[in-house]
Structures are given as structure tokens and as C-alpha cells.
>>> print(open('entry-v8.txt').read())   # compact mmCIF, N, CA and C atoms
# COMPACT_ATOMS: atom_id res chain seq x y z
N MET A 1 1.11 -18.54 163.78
CA MET A 1 0.18 -19.19 164.68
C MET A 1 0.56 -20.66 164.83
N ILE A 2 0.38 -21.21 166.00
CA ILE A 2 0.70 -22.61 166.25
C ILE A 2 -0.44 -23.48 165.74
N GLU A 3 -0.11 -24.45 164.90
CA GLU A 3 -1.13 -25.32 164.32
C GLU A 3 -1.68 -26.28 165.37
N PRO A 4 -3.01 -26.57 165.31
CA PRO A 4 -3.60 -27.53 166.25
C PRO A 4 -2.93 -28.90 166.11
N GLY A 5 -2.62 -29.51 167.24
CA GLY A 5 -2.00 -30.83 167.23
C GLY A 5 -0.51 -30.82 167.00
N SER A 6 0.08 -29.66 166.79
CA SER A 6 1.51 -29.60 166.53
C SER A 6 2.29 -29.74 167.83
N ARG A 7 3.55 -30.05 167.71
CA ARG A 7 4.41 -30.23 168.88
C ARG A 7 4.51 -28.93 169.67
N GLY A 8 4.59 -27.81 168.97
CA GLY A 8 4.68 -26.51 169.64
C GLY A 8 3.46 -26.22 170.49
N ARG A 9 2.29 -26.59 170.00
CA ARG A 9 1.07 -26.36 170.77
C ARG A 9 1.06 -27.23 172.02
N ARG A 10 1.49 -28.49 171.89
CA ARG A 10 1.52 -29.38 173.06
C ARG A 10 2.50 -28.87 174.10
N VAL A 11 3.64 -28.39 173.66
CA VAL A 11 4.63 -27.85 174.60
C VAL A 11 4.09 -26.60 175.28
N THR A 12 3.42 -25.74 174.51
CA THR A 12 2.84 -24.53 175.09
C THR A 12 1.81 -24.88 176.15
N ILE A 13 0.95 -25.83 175.86
CA ILE A 13 -0.07 -26.24 176.83
C ILE A 13 0.59 -26.83 178.07
N ALA A 14 1.62 -27.65 177.90
CA ALA A 14 2.32 -28.25 179.03
C ALA A 14 2.96 -27.18 179.91
N VAL A 15 3.57 -26.19 179.30
CA VAL A 15 4.21 -25.11 180.07
C VAL A 15 3.15 -24.30 180.84
N VAL A 16 2.04 -24.01 180.20
CA VAL A 16 0.98 -23.26 180.88
C VAL A 16 0.42 -24.05 182.05
N VAL A 17 0.23 -25.34 181.88
CA VAL A 17 -0.30 -26.18 182.97
C VAL A 17 0.68 -26.21 184.14
N VAL A 18 1.97 -26.38 183.86
CA VAL A 18 2.98 -26.42 184.93
C VAL A 18 3.01 -25.08 185.66
N LEU A 19 2.99 -23.97 184.93
CA LEU A 19 2.99 -22.66 185.57
C LEU A 19 1.74 -22.46 186.42
N ALA A 20 0.60 -22.91 185.93
CA ALA A 20 -0.64 -22.77 186.70
C ALA A 20 -0.57 -23.56 187.99
N VAL A 21 -0.05 -24.78 187.94
CA VAL A 21 0.07 -25.61 189.15
C VAL A 21 1.00 -24.95 190.15
N VAL A 22 2.12 -24.42 189.68
CA VAL A 22 3.08 -23.76 190.57
C VAL A 22 2.45 -22.52 191.20
N LEU A 23 1.75 -21.70 190.41
CA LEU A 23 1.13 -20.50 190.94
C LEU A 23 0.03 -20.82 191.95
N VAL A 24 -0.80 -21.81 191.63
CA VAL A 24 -1.89 -22.17 192.54
C VAL A 24 -1.35 -22.72 193.85
N SER A 25 -0.36 -23.61 193.76
CA SER A 25 0.19 -24.16 195.00
C SER A 25 0.91 -23.09 195.81
N GLY A 26 1.58 -22.17 195.15
CA GLY A 26 2.24 -21.07 195.86
C GLY A 26 1.23 -20.16 196.54
N PHE A 27 0.10 -19.93 195.87
CA PHE A 27 -0.94 -19.08 196.46
C PHE A 27 -1.54 -19.75 197.70
N VAL A 28 -1.76 -21.06 197.63
CA VAL A 28 -2.30 -21.80 198.78
C VAL A 28 -1.32 -21.74 199.95
N VAL A 29 -0.04 -21.94 199.67
CA VAL A 29 0.98 -21.90 200.72
C VAL A 29 1.07 -20.50 201.33
N ALA A 30 0.99 -19.47 200.49
CA ALA A 30 1.05 -18.09 201.00
C ALA A 30 -0.15 -17.80 201.91
N LEU A 31 -1.33 -18.25 201.51
CA LEU A 31 -2.49 -18.05 202.37
C LEU A 31 -2.35 -18.82 203.68
N ASP A 32 -1.82 -20.04 203.58
CA ASP A 32 -1.62 -20.85 204.79
C ASP A 32 -0.62 -20.17 205.73
N ASP A 33 0.45 -19.63 205.16
CA ASP A 33 1.45 -18.93 205.98
C ASP A 33 0.88 -17.66 206.62
N ALA A 34 -0.12 -17.06 205.94
CA ALA A 34 -0.73 -15.84 206.47
C ALA A 34 -1.75 -16.15 207.57
N GLY A 35 -1.94 -17.43 207.87
CA GLY A 35 -2.85 -17.79 208.95
C GLY A 35 -4.26 -18.13 208.52
N VAL A 36 -4.49 -18.17 207.21
CA VAL A 36 -5.82 -18.55 206.71
C VAL A 36 -5.96 -20.06 206.84
N PRO A 37 -7.06 -20.55 207.42
CA PRO A 37 -7.24 -22.00 207.52
C PRO A 37 -7.20 -22.66 206.14
N MET A 38 -6.64 -23.87 206.08
CA MET A 38 -6.44 -24.54 204.80
C MET A 38 -7.74 -24.73 204.00
N PRO A 39 -8.85 -25.15 204.62
CA PRO A 39 -10.07 -25.30 203.81
C PRO A 39 -10.52 -23.97 203.18
N VAL A 40 -10.38 -22.88 203.91
CA VAL A 40 -10.75 -21.57 203.37
C VAL A 40 -9.82 -21.20 202.22
N ALA A 41 -8.53 -21.45 202.40
CA ALA A 41 -7.55 -21.15 201.35
C ALA A 41 -7.86 -21.95 200.09
N LEU A 42 -8.21 -23.21 200.25
CA LEU A 42 -8.51 -24.04 199.08
C LEU A 42 -9.77 -23.56 198.37
N VAL A 43 -10.78 -23.15 199.13
CA VAL A 43 -12.01 -22.63 198.51
C VAL A 43 -11.72 -21.32 197.77
N LEU A 44 -10.92 -20.45 198.36
CA LEU A 44 -10.57 -19.19 197.70
C LEU A 44 -9.82 -19.44 196.40
N VAL A 45 -8.86 -20.34 196.44
CA VAL A 45 -8.07 -20.63 195.25
C VAL A 45 -8.94 -21.32 194.19
N ALA A 46 -9.82 -22.23 194.62
CA ALA A 46 -10.71 -22.89 193.66
C ALA A 46 -11.62 -21.87 192.98
N GLY A 47 -12.13 -20.92 193.75
CA GLY A 47 -12.96 -19.87 193.16
C GLY A 47 -12.19 -19.02 192.18
N LEU A 48 -10.96 -18.69 192.53
CA LEU A 48 -10.12 -17.90 191.63
C LEU A 48 -9.85 -18.66 190.33
N VAL A 49 -9.55 -19.94 190.45
CA VAL A 49 -9.30 -20.77 189.26
C VAL A 49 -10.56 -20.82 188.39
N CYS A 50 -11.73 -20.96 189.01
CA CYS A 50 -12.99 -20.98 188.25
C CYS A 50 -13.21 -19.66 187.52
N LEU A 51 -12.96 -18.55 188.19
CA LEU A 51 -13.14 -17.26 187.53
C LEU A 51 -12.19 -17.09 186.35
N VAL A 52 -10.95 -17.54 186.51
CA VAL A 52 -9.99 -17.45 185.40
C VAL A 52 -10.45 -18.33 184.24
N ALA A 53 -10.95 -19.53 184.56
CA ALA A 53 -11.42 -20.43 183.50
C ALA A 53 -12.63 -19.83 182.78
N ILE A 54 -13.55 -19.23 183.53
CA ILE A 54 -14.73 -18.61 182.92
C ILE A 54 -14.32 -17.44 182.04
N ALA A 55 -13.40 -16.62 182.53
CA ALA A 55 -12.94 -15.47 181.74
C ALA A 55 -12.22 -15.94 180.47
N THR A 56 -11.42 -16.97 180.60
CA THR A 56 -10.71 -17.52 179.43
C THR A 56 -11.70 -18.04 178.40
N ALA A 57 -12.71 -18.76 178.87
CA ALA A 57 -13.74 -19.27 177.95
C ALA A 57 -14.47 -18.12 177.26
N GLY A 58 -14.73 -17.06 178.01
CA GLY A 58 -15.38 -15.90 177.42
C GLY A 58 -14.53 -15.25 176.34
N VAL A 59 -13.24 -15.12 176.59
CA VAL A 59 -12.34 -14.52 175.60
C VAL A 59 -12.26 -15.40 174.36
N VAL A 60 -12.13 -16.71 174.57
CA VAL A 60 -12.05 -17.63 173.43
C VAL A 60 -13.34 -17.58 172.62
N GLY A 61 -14.49 -17.57 173.30
CA GLY A 61 -15.76 -17.48 172.59
C GLY A 61 -15.91 -16.17 171.84
N TYR A 62 -15.48 -15.10 172.46
CA TYR A 62 -15.55 -13.78 171.82
C TYR A 62 -14.69 -13.75 170.55
N ARG A 63 -13.48 -14.25 170.67
CA ARG A 63 -12.58 -14.24 169.52
C ARG A 63 -13.12 -15.12 168.40
N ALA A 64 -13.69 -16.27 168.77
CA ALA A 64 -14.25 -17.16 167.75
C ALA A 64 -15.45 -16.50 167.06
N SER A 65 -16.30 -15.82 167.83
CA SER A 65 -17.46 -15.18 167.22
C SER A 65 -17.03 -14.03 166.31
N ARG A 66 -15.99 -13.30 166.69
CA ARG A 66 -15.50 -12.21 165.85
C ARG A 66 -14.87 -12.77 164.57
N ARG A 67 -14.19 -13.90 164.69
CA ARG A 67 -13.55 -14.51 163.54
C ARG A 67 -14.60 -14.98 162.52
N GLU A 68 -15.76 -15.39 163.02
CA GLU A 68 -16.83 -15.85 162.14
C GLU A 68 -17.67 -14.70 161.61
N GLY A 69 -17.32 -13.47 161.96
CA GLY A 69 -18.02 -12.31 161.44
C GLY A 69 -19.25 -11.91 162.23
N ARG A 70 -19.48 -12.56 163.35
CA ARG A 70 -20.63 -12.18 164.18
C ARG A 70 -20.15 -11.23 165.27
N GLY A 71 -21.09 -10.57 165.89
CA GLY A 71 -20.76 -9.74 167.03
C GLY A 71 -20.62 -10.62 168.26
N VAL A 72 -20.60 -9.99 169.40
CA VAL A 72 -20.52 -10.73 170.65
C VAL A 72 -21.81 -11.52 170.83
N VAL A 73 -21.68 -12.78 171.19
CA VAL A 73 -22.85 -13.60 171.45
C VAL A 73 -23.49 -13.08 172.74
N PRO A 74 -24.77 -12.64 172.70
CA PRO A 74 -25.37 -12.00 173.88
C PRO A 74 -25.39 -12.90 175.12
N SER A 75 -25.57 -14.18 174.93
CA SER A 75 -25.67 -15.07 176.09
C SER A 75 -24.33 -15.22 176.82
N MET A 76 -23.22 -14.88 176.14
CA MET A 76 -21.92 -15.01 176.76
C MET A 76 -21.79 -14.09 177.98
N GLY A 77 -22.21 -12.84 177.82
CA GLY A 77 -22.13 -11.89 178.93
C GLY A 77 -23.05 -12.30 180.07
N ARG A 78 -24.25 -12.75 179.73
CA ARG A 78 -25.18 -13.19 180.77
C ARG A 78 -24.62 -14.40 181.50
N GLY A 79 -24.04 -15.32 180.75
CA GLY A 79 -23.48 -16.52 181.37
C GLY A 79 -22.34 -16.19 182.32
N LEU A 80 -21.50 -15.25 181.92
CA LEU A 80 -20.38 -14.85 182.78
C LEU A 80 -20.89 -14.17 184.04
N ARG A 81 -21.88 -13.27 183.89
CA ARG A 81 -22.44 -12.60 185.07
C ARG A 81 -23.10 -13.61 186.01
N THR A 82 -23.82 -14.57 185.44
CA THR A 82 -24.49 -15.58 186.27
C THR A 82 -23.46 -16.43 187.00
N ALA A 83 -22.40 -16.83 186.32
CA ALA A 83 -21.37 -17.66 186.95
C ALA A 83 -20.70 -16.90 188.09
N VAL A 84 -20.40 -15.63 187.88
CA VAL A 84 -19.77 -14.84 188.94
C VAL A 84 -20.73 -14.67 190.11
N ARG A 85 -22.01 -14.44 189.82
CA ARG A 85 -23.00 -14.27 190.88
C ARG A 85 -23.14 -15.55 191.70
N VAL A 86 -23.18 -16.70 191.03
CA VAL A 86 -23.30 -17.99 191.74
C VAL A 86 -22.06 -18.22 192.59
N TRP A 87 -20.87 -17.94 192.02
CA TRP A 87 -19.63 -18.14 192.79
C TRP A 87 -19.62 -17.22 194.00
N TRP A 88 -20.06 -15.98 193.83
CA TRP A 88 -20.06 -15.02 194.94
C TRP A 88 -21.03 -15.48 196.03
N ASP A 89 -22.20 -15.98 195.63
CA ASP A 89 -23.18 -16.45 196.61
C ASP A 89 -22.67 -17.67 197.37
N LEU A 90 -21.92 -18.52 196.69
CA LEU A 90 -21.38 -19.72 197.36
C LEU A 90 -20.23 -19.35 198.29
N GLY A 91 -19.48 -18.31 197.92
CA GLY A 91 -18.32 -17.91 198.72
C GLY A 91 -18.75 -17.18 199.93
>>> encode(input="entry-v8.txt", output="C-alpha cells")
Amino acid sequence: MIEPGSRGRRVTIAVVVVLAVVLVSGFVVALDDAGVPMPVALVLVAGLVCLVAIATAGVVGYRASRREGRGVVPSMGRGLRTAVRVWWDLG
């Protein structure tokens, strides 16, 4: 496992951030090339990024709760459902 604050962890985070930026910009360009107006493409990509961030937070919280010997925190599922519902209503 990579230790917190170690050089390997910083490099891993940097690589993930660079890949995310490349994927997001490529997705926006692909939508633009497909004829989707730029504001709509940006909103779609922003929503996708939010959903990925929410899912990642859920996985991290789940793993942390399991590591501490607890079951799934009940509010985690409700929070994820609420966030998806709000995003869907806004979209």
C-alpha cells in the first residue's frame, strides 16, 4: 500500500488528475464535434464528473466503515440517492 504523503502517492494522484483532465476535455470535444451546443456539453460533463466524485466518495466511505468494523453507514446510501435525484432534476 502507498503510504500517505509519500512520493508514490503524490505521483499517483498527479497521474490520475492528468488522465481525468484529458478524458474530460476529450469528452467535451467529442460532444462538440457531434453537434451538441457547448453549454449543454459542459453541463453534461460537469454532471458526469459530479456523479463520479459522489460514487468515489461512497466507495471510500464504505471501505473506511468496513475497515473500522462497522457495516455500511445507512446515511451514505440515502445521500447518494439524494445527490443523484438532485442532479437529475437539475439536468
>>> closest_residue(input="entry-v8.txt", among="A:Val84, A:Leu19, A:Val29, A:Val11", to="A:Leu48", atoms="only C-alpha atoms")
A:Val84
>>> atom_distance(input="entry-v8.txt", atom1="atom CA of A:Val45", atom2="atom CA of A:Val24")
6.9 Å
>>> residues_near_point(input="entry-v8.txt", point="(-9.2, -23.4, 193.4)", cutoff="12 Å", atoms="only C-alpha atoms", output="count of residues only")
26
>>> atom_distance(input="entry-v8.txt", atom1="atom CA of A:Thr56", atom2="atom CA of A:Ala14")
16.9 Å
>>> axis_aligned_box(input="entry-v8.txt", around="stretch 21-30 of chain A", padding_each_side="8 Å", output="lines of an AutoDock Vina configuration file")
center_x = 0.4
center_y = -21.7
center_z = 194.9
size_x = 21.4
size_y = 23.8
size_z = 30.0
>>> atom_distance(input="entry-v8.txt", atom1="atom C of A:Val16", atom2="atom N of A:Val59")
17.2 Å
